[in-house]
There are 6 protein chains.
Amino acid sequence: MLYVTRREVFSASHRLHNPDLSQKENEELFDKCNNYYGHGHNYVLEVIVAGKPNPQTGYVIDLKVLRDIIREHVIKKLDHKHLNYDVDFMKGINPTAENIAIAIWDQLEDKISEGKLYSVKLYETENNYVEFKGEN
Amino acid sequence: MLYVTRREVFSASHRLHNPDLSQKENEELFDKCNNYYGHGHNYVLEVIVAGKPNPQTGYVIDLKVLRDIIREHVIKKLDHKHLNYDVDFMKGINPTAENIAIAIWDQLEDKISEGKLYSVKLYETENNYVEFKGEN
Amino acid sequence: MLYVTRREVFSASHRLHNPDLSQKENEELFDKCNNYYGHGHNYVLEVIVAGKPNPQTGYVIDLKVLRDIIREHVIKKLDHKHLNYDVDFMKGINPTAENIAIAIWDQLEDKISEGKLYSVKLYETENNYVEFKGEN
Amino acid sequence: MLYVTRREVFSASHRLHNPDLSQKENEELFDKCNNYYGHGHNYVLEVIVAGKPNPQTGYVIDLKVLRDIIREHVIKKLDHKHLNYDVDFMKGINPTAENIAIAIWDQLEDKISEGKLYSVKLYETENNYVEFKGEN
Amino acid sequence: MLYVTRREVFSASHRLHNPDLSQKENEELFDKCNNYYGHGHNYVLEVIVAGKPNPQTGYVIDLKVLRDIIREHVIKKLDHKHLNYDVDFMKGINPTAENIAIAIWDQLEDKISEGKLYSVKLYETENNYVEFKGEN
Amino acid sequence: MLYVTRREVFSASHRLHNPDLSQKENEELFDKCNNYYGHGHNYVLEVIVAGKPNPQTGYVIDLKVLRDIIREHVIKKLDHKHLNYDVDFMKGINPTAENIAIAIWDQLEDKISEGKLYSVKLYETENNYVEFKGEN
């Protein structure tokens, strides 16, 4: 089994806010991440695909193909956007790093043309990152 | 002459927009950076101070002191903020990296307690950064 | 299952030495790491917690909370210290990266307030790092 | 169980080409990676060994020993070489990152003097990397 | 005065060789960099432009414009190429990092549409880099 | 004029302390950096040499030669040492980053075989670094 990773970067803004809670509860819970106009990050995304190398190509999946899949289904929808307002597949989702990673997994899972999606890693800052490996 | 540098990071959102231009001109000029709700970055700031080491301490300026000056006058005002709406000293300024660097210089220039402010470097992404060394 | 990581840095000195061995054996075994007065590193620590996101917050564990737990129980005890002499929970332990990682795990395991400690990664240099995932 | 990692770097050139395919097929498949004279990378290699710390040394494996094993059996054979023409153990292998990682695993598996080879990670660029953990 | 920098990456192979010298002299001088089939690097290029921000845009030069200039005149000619054989503007030049940086300067100097080319930095490895600031 | 840089790393411990001051003054001045047993860092050193490329070699100075000069005169004397006790050329010097950089300059200035020493940069942590360019 081999694991191949493609890294992409996108710059977005977000605001952590749960509409089921009062503003006071949101401020206590999310602190400066609840700032009304939002703030932003250079998100670093790593998408890992598992599989066996194709004997003809030596690739699990051509990383140029994986790059294009990620750019079409994720990057062009998230880059230079506000994650709370501008992104169809993030509507109604509180954009914590955890929830963004799950949403990216859902965008990509059935688009991977060779091998199988294994992991989505998302760095929000140089000190904070999350990894999602699917439901199981 | 010695140059000492302190690096700090802040996460903010911004929107590039010149109110003296039409919306069409803004879109042509700033493209996806003009997105209405803004987008964001993990800005990396390097502040460089020039001077001679104090013979008693061996420091040009104690980097813990420089850190505290930067945090008080810059980081706590920019971190987790929207640069167009939330920051007093950015009011009316189009927040390009160039203009943010100049504004940070203006905040810091007379606050440096030892040595002399030499340069403000600001990384907007891993591929784009600017440096301002004062007017002269 | 989601994995969330917080990265922290501490600067410490150490000396590799096993008192059950002769000085000659220590020198052969640990070479320049056995230097009498010690040497030091900027240790980079990554603490990984596994769990499911809380539906109310979208967090596995608030990374600001995780940061504070790590700083209270690990960083403030190790940073700017000599690991052989200054740290209660390292007493009598030969401070290899492996042994420091295990000791940090033991400090943190029952302090994690949400989710479950999954891994402690410790970078001693840019070329050498270790990972501990608990006994089992 | 502990995992210890040694990172090494080598600079090499390669050309992706499958001699069982026509030149046209090779160009379609490998695109600019099929360039006749080849191109190159600074490959970053991480070798991960799993085991329990030796009670006498506190090491899973002395990372200086692991470094020397990697340098003798991998780095001195690949560094400043053309992977298609200059390397005995790469003869007849299409040098994709996947295939290089498998070939490095095969070079190292029975040379690890303490613990057990767990993973070979190979970064071809800052955006593309692969990981091989053995056949099972 | 402001300095703005765009970073780009290209992967290329090269061989250090001076045809005016004997093969023995070349081997003594360039050692493993003289390897017949060449070797390669992920070159990191930083192009620095100096100027004053345009009051209408807040830019010294739009970094998307600078990116496109660099990609058209440098990256697409060097990326995935052998610098000794595939590049018109490198013909007859021994491709040391110094000589590549000077050749890139010559490609770019008159193409910069706003501001003035100030510096070309070229990282050959993480440990070796050169900077060229023009003849004067 | 070209500037060529070689980067090297050393791991050392140190204690900031001025024997002309009282212990109380030292603690106030140097805080946790005054810890009796010291602490340590992975110091990153960049040595920059300025000159013109030799027409025969294309080098300002062969970076392998520069590497060997730095390793002989600096790295092997500082790596895995305590800077207050183990290093001849640091005797009686309070080992702030500033003072270490000056001492390294003094070690190297007359050893550079081609070109001229231009700058010594020393990173103490990822957030703090200093640069020394000689007396003038």
# chains A, B, ... in the order shown; residues from 1 in each chain; ligands from 1
call {"tool": "interface_residues", "arguments": {"of": "chain A", "to": "chain B", "cutoff": "7 Å", "atoms": "only C-alpha atoms", "output": "number ranges by chain"}}
result
A: 11-13, 32-33, 35, 37-42, 80-82, 125
call {"tool": "residues_around", "arguments": {"residues": "Glu109 of chain E", "least_positions_apart": "4", "cutoff": "10 Å", "atoms": "only C-alpha atoms", "output": "PyMOL selection string"}}
result
chain E and resi 49+104-105+113+116-119+134
call {"tool": "atom_distance", "arguments": {"atom1": "atom CA of Val44 of chain F", "atom2": "atom CA of Ile70 of chain F"}}
result
12.4 Å
call {"tool": "residues_around", "arguments": {"residues": "Ala97 of chain E", "least_positions_apart": "6", "cutoff": "8 Å", "atoms": "only C-alpha atoms", "output": "PyMOL selection string"}}
result
chain E and resi 122-124+129-130
call {"tool": "decode", "arguments": {"residues": "segment 18-40 of chain F", "atoms": "N, CA, C and O atoms", "output": "CSV table (one decimal), in the first residue's frame"}}
result
chain,number,residue,atom,x,y,z
F,18,ASN,N,25.9,38.3,33.3
F,18,ASN,CA,27.0,39.3,33.3
F,18,ASN,C,27.6,39.3,34.7
F,18,ASN,O,27.0,39.8,35.6
F,19,PRO,N,28.8,38.9,34.8
F,19,PRO,CA,29.4,38.7,36.2
F,19,PRO,C,29.7,40.1,36.9
F,19,PRO,O,29.9,40.1,38.1
F,20,ASP,N,29.6,41.2,36.1
F,20,ASP,CA,29.8,42.5,36.7
F,20,ASP,C,28.5,42.9,37.5
F,20,ASP,O,28.5,44.0,38.1
F,21,LEU,N,27.4,42.2,37.3
F,21,LEU,CA,26.1,42.6,37.9
F,21,LEU,C,25.8,41.6,39.0
F,21,LEU,O,26.3,40.5,39.0
F,22,SER,N,25.0,42.0,39.9
F,22,SER,CA,24.5,41.1,41.0
F,22,SER,C,23.6,40.0,40.4
F,22,SER,O,23.1,40.2,39.3
F,23,GLN,N,23.4,38.9,41.2
F,23,GLN,CA,22.5,37.9,40.7
F,23,GLN,C,21.1,38.4,40.5
F,23,GLN,O,20.4,38.1,39.6
F,24,LYS,N,20.7,39.3,41.4
F,24,LYS,CA,19.3,39.9,41.3
F,24,LYS,C,19.2,40.7,40.0
F,24,LYS,O,18.2,40.6,39.3
F,25,GLU,N,20.2,41.5,39.7
F,25,GLU,CA,20.2,42.3,38.5
F,25,GLU,C,20.2,41.4,37.2
F,25,GLU,O,19.5,41.6,36.3
F,26,ASN,N,21.0,40.3,37.3
F,26,ASN,CA,21.0,39.3,36.2
F,26,ASN,C,19.6,38.7,36.0
F,26,ASN,O,19.2,38.6,34.8
F,27,GLU,N,19.0,38.4,37.1
F,27,GLU,CA,17.6,37.8,36.9
F,27,GLU,C,16.6,38.8,36.3
F,27,GLU,O,15.8,38.4,35.5
F,28,GLU,N,16.7,40.0,36.8
F,28,GLU,CA,15.8,41.0,36.2
F,28,GLU,C,16.1,41.3,34.7
F,28,GLU,O,15.2,41.4,34.0
F,29,LEU,N,17.4,41.3,34.4
F,29,LEU,CA,17.7,41.6,33.0
F,29,LEU,C,17.5,40.4,32.1
F,29,LEU,O,16.9,40.6,31.0
F,30,PHE,N,17.9,39.2,32.5
F,30,PHE,CA,17.9,38.1,31.6
F,30,PHE,C,16.8,37.1,31.8
F,30,PHE,O,16.6,36.2,31.1
F,31,ASP,N,16.1,37.3,33.0
F,31,ASP,CA,14.9,36.5,33.2
F,31,ASP,C,15.2,35.0,33.1
F,31,ASP,O,16.2,34.5,33.6
F,32,LYS,N,14.4,34.2,32.4
F,32,LYS,CA,14.6,32.8,32.3
F,32,LYS,C,15.8,32.4,31.5
F,32,LYS,O,16.3,31.3,31.6
F,33,CYS,N,16.4,33.3,30.7
F,33,CYS,CA,17.7,33.1,30.0
F,33,CYS,C,18.9,33.0,31.0
F,33,CYS,O,20.0,32.7,30.6
F,34,ASN,N,18.6,33.4,32.3
F,34,ASN,CA,19.7,33.4,33.3
F,34,ASN,C,19.7,32.1,34.1
F,34,ASN,O,20.5,31.9,35.0
F,35,ASN,N,18.7,31.2,33.8
F,35,ASN,CA,18.6,29.9,34.5
F,35,ASN,C,20.0,29.3,34.7
F,35,ASN,O,20.8,29.1,33.8
F,36,TYR,N,20.3,28.9,36.0
F,36,TYR,CA,21.7,28.5,36.4
F,36,TYR,C,22.3,27.5,35.5
F,36,TYR,O,23.4,27.6,35.1
F,37,TYR,N,21.5,26.4,35.2
F,37,TYR,CA,22.1,25.3,34.4
F,37,TYR,C,22.1,25.6,32.9
F,37,TYR,O,22.4,24.7,32.1
F,38,GLY,N,21.5,26.7,32.5
F,38,GLY,CA,21.4,27.0,31.1
F,38,GLY,C,20.2,26.4,30.4
F,38,GLY,O,19.4,25.7,31.0
F,39,HIS,N,20.1,26.7,29.1
F,39,HIS,CA,19.1,26.1,28.3
F,39,HIS,C,19.8,26.1,26.9
F,39,HIS,O,21.0,26.4,26.8
F,40,GLY,N,19.0,25.7,25.8
F,40,GLY,CA,19.7,25.5,24.5
F,40,GLY,C,18.9,25.8,23.3
F,40,GLY,O,17.7,26.1,23.4
